[in-house]
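For reference, the structure discussed in these notes is given below.
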Amino acid sequence: MIERPAAALKELVENAIDAGATRLVVALRAGGTDRIDVTDNGCGMTPEELDMAVQRHCTSKLQDERLVQIRTLGFRGEALPSIGASARLSITSRTAESDTAWCIRVDGGVITPPHPSSGPVGTRIVVTDLFFATPARRKFLKSPRVENSHAESVMRRLALSAPHCAMRVTLDDKVLFDLPEQSPIARTATVLETTPDTLIPLDEQRGHIRLSGFACGPAKTKATGSGQFIMVNHRPVTDPMLRTAIRVAYRPVIERGRFPVMALHLKVPLERLDVNVHPAKTELRFADEAEVRALVIGGLGRHSVTGPAAEAESTPALGHVHRVPQFLIRRGQTFLLNCPLSMSSGQSQQHRCP
C-alpha cells in the first residue's frame with residue numbers, strides 16, 4: 001500500500017535487497033514527492049521480467065503457494081503497479097548475461113513496452129510526480145521536511161536489516177548517510193549514533209526462537225521510540241506487541257516517558273510466523289506470542305543493567321555530581337545500577353529499595 005513517498009521508497013529498496021544488491025544509491029527530492037531515484041547492483045531483470053513486474057499481483061519471489069515459506073522482503077507483486085498507477089515510473093535494468101539494458105515506463109497506469117537502453121548490471125528505478133494521477137492523495141501529503149523525516153526513518157531501518165549492503169542516501173542533494181559494507185555491530189553503532197564499545201550485545205534463545213542484536217544502556221534514552229529498531233528474520237517491523245515487550249523490560253531501569261535505544265533481531269522459524277497480516281508488512285502474527293514476548297522481556301531484562309553502556313556517565317550542568325548507588329529489584333533479585341545524581345551539597349545520599 002502506497003500512502004506516502006516513504007512507503008514507495010521502502011518497497012523499492014526492499015526489492016533491491018531481494019535482488020541481492022551489495023550497493024544502493026538513493027536520492028529524494030521534496031521528500032520523495034517530486035522524485036525518488038533508487039539504483040542497485042543486483043541481479044537485474046530481463047525484458048520479460050520487466051513486463052511482468054508492472055502487472056498487478058505478479059511476482060517471481062514466491063516459492064510456496066501457501067505463503068508460508070516467505071524468505072524475501074517483498075512477495076505480493078503490488079508495489080510497482082501501485083506506484084505506476086499514481087506516478088510516472090521508469091525502470092531500467094540489465095542482467096549480467098545481457099549485452100544491453102532494457103527500460104520500461106508506466107505513466108498513470110499507461111504502460112510503454114520495454115525498449116533497449118543503456119545502463120550497468122543492476123536496476124535503476126525513477127519515480128517522479130508521485131500521486132499526480134490521484135490529486136486527492138497528493139493534497140494531504142505533509143511538508144517536504146516531514147516526508148523527508150519519514151524517508152529517513154525507513155532508510156535507517158533498512159540499513160540495519162542489511163549491513164552487508166553499502167548505502168548512500170541523499171535528501172535534496174544533502175547526504176543523509178554514506179555507509180560502506182559493515183559488520184552488524186559497526187552498522188548498528190552508526191545508525192544508533194553511538195560507538196561500538198557503548199553497545200550491549202544480546203544473544204538469547206528460547207526453543208527455536210533466537211534474540212540477538214545490540215542495546216544501549218539505561219543512561220541513553222530518547223523522548224520517542226525513534227531509537228528502537230526491530231527486525232524479524234531481517235524484516236524491519238514496528239510490531240506493537242514487540243514494542244510493548246521492550247517497554248516492560250526496561251520499565252524498572254528508565255524513567256516514565258523515556259524510551260530505550262536498541263536494534264533487535266529476532267530469528268523465528270518461517271512456519272511459526274505470518275508476515276502477510278498488514279498492508280505495509282510492518283506487523284506480524286506469531287504462532288506463540290507468549291513465547292516471543294517472554295524471550296524479549298527476559299532477554300532484555302538480563303542485559304539491561306550489564307555491559308559498559310549501563311554505567312551512566314554524566315557531565316554536570318549545575319552543582320557537583322556524585323555517583324551514588326541505586327538499587328532495583330526484579331524477580332526477587334537485587335541489582336546495583338550506578339547512576340549519576342546532581343547534588344547541591346557534597347554529602348552522598350543513601351538510597352534504599354522500596
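Each chain in the C-alpha cells gets a letter, A, B, ..., in the order shown, and its residues are numbered from 1; ligands are numbered from 1 in order too.
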Margin query: Neighbouring residues of stretch 86-100 of chain A were defined as those with any atom within 7 Å, considering only C-alpha atoms; residues of the same chain fewer than 2 positions away were excluded. Please report them as number ranges by chain.
Written below: A: 43-46, 82-84, 102-108, 116-134
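Residues of stretch 130-218 of chain A carrying a DSSP assignment of strand (DSSP E), computed from the backbone, are Ala166, Met167, Arg168, Val169, Thr170, Leu171, Lys174, Val175, Leu176, Phe177, Asp178, Leu179, Ile200, Pro201, Leu202, Asp203, Glu204, Gln205, Arg206, Ile209, Arg210, Leu211, Ser212, Gly213, Phe214 and Ala215 of chain A.
Each of A:Leu158, A:Val110, A:Leu192, A:Val232 was compared to A:Ile209 using only C-alpha atoms, and A:Val232 turns out to be the nearest.
Pairwise distance (atom CA of A:Glu289, atom CA of A:Pro201) equals 23.6 Å.
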Item checked: Residues near stretch 290-299 of chain A, cut-off 8 Å, only C-alpha atoms, skip fewer than 2 positions along chain, as number ranges by chain -> A: 202-206, 209, 211, 241-242, 245-246, 248-249, 286, 288, 301-303
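Nearest to A:Lys220 of all the residues A:Ser183, A:Thr188, A:Thr194, A:Thr59 is A:Thr194, counting only C-alpha atoms.
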Next item on the list: Identify, on the basis of only C-alpha atoms, every residue whose closest approach to A:Ile230 does not exceed 9 Å; exclude the query and any residue fewer than 3 positions from it along the same chain; express the result as number ranges by chain.
Entry: A: 157, 161, 234-239, 242-243, 262-266
Notebook entry, point to check: Which residues in stretch 25-123 of chain A does DSSP call helix (DSSP H, G or I)? List them as a list in words.
Noted result: Ala30, Gly31, Gly32, Pro47, Glu48, Glu49, Leu50, Asp51, Met52, Ala53, Ala79, Leu80, Pro81, Ser82, Ile83, Gly84, Ala85 and Ser86 of chain A
Could you save those same residues with C-alpha atoms as a tab-separated table (two decimals), in the first residue's frame?
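Generated file (again15.tsv):
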```
chain	number	residue	atom	x	y	z
A	30	ALA	CA	10.92	17.28	-1.89
A	31	GLY	CA	10.53	14.34	0.48
A	32	GLY	CA	10.08	11.97	-2.47
A	47	PRO	CA	12.59	-7.63	-20.77
A	48	GLU	CA	10.05	-10.34	-19.98
A	49	GLU	CA	10.56	-9.89	-16.24
A	50	LEU	CA	10.26	-6.12	-16.59
A	51	ASP	CA	6.91	-6.52	-18.32
A	52	MET	CA	5.72	-8.86	-15.55
A	53	ALA	CA	7.00	-6.58	-12.77
A	79	ALA	CA	4.21	-2.19	-5.19
A	80	LEU	CA	5.40	-1.36	-8.72
A	81	PRO	CA	1.90	-1.47	-10.29
A	82	SER	CA	0.55	0.74	-7.49
A	83	ILE	CA	3.36	3.26	-7.93
A	84	GLY	CA	2.95	3.22	-11.71
A	85	ALA	CA	-0.79	3.81	-11.39
A	86	SER	CA	-0.36	7.04	-9.42
```
Next item on the list: Identify, on the basis of only C-alpha atoms, every residue whose closest approach to A:Arg285 does not exceed 7 Å; exclude the query and any residue fewer than 6 positions from it along the same chain; express the result as number ranges by chain.
Entry: A: 273-275
Okay, now the selection with N, CA, C and O atoms, as a PDB file, in the first residue's frame?
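Result file follows (again-v6.pdb):
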```pdb
ATOM      1  N   LEU A 273       5.431 -18.078  11.785  1.00  0.00           N
ATOM      2  CA  LEU A 273       5.306 -16.638  11.609  1.00  0.00           C
ATOM      3  C   LEU A 273       4.452 -16.338  10.387  1.00  0.00           C
ATOM      4  O   LEU A 273       4.589 -16.972   9.344  1.00  0.00           O
ATOM      5  N   ASP A 274       3.548 -15.358  10.524  1.00  0.00           N
ATOM      6  CA  ASP A 274       2.730 -14.895   9.400  1.00  0.00           C
ATOM      7  C   ASP A 274       3.064 -13.430   9.145  1.00  0.00           C
ATOM      8  O   ASP A 274       2.775 -12.564   9.973  1.00  0.00           O
ATOM      9  N   VAL A 275       3.673 -13.138   7.993  1.00  0.00           N
ATOM     10  CA  VAL A 275       4.062 -11.766   7.666  1.00  0.00           C
ATOM     11  C   VAL A 275       3.037 -11.080   6.775  1.00  0.00           C
ATOM     12  O   VAL A 275       3.182  -9.899   6.455  1.00  0.00           O
TER      13      VAL A 275
END
```
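When only C-alpha atoms are used to compute distances to A:Pro180, the closest of the residues A:Val13, A:Ala166, A:Leu141, A:Ala6 turns out to be A:Ala166.
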Margin query: Using only C-alpha atoms, which protein or nucleic acid residues come within 6 Å of stretch 221-227 of chain A? Drop anything in the same chain fewer than 2 positions from it, and give the result as a ChimeraX atom specification.
Written below: /A:258-261
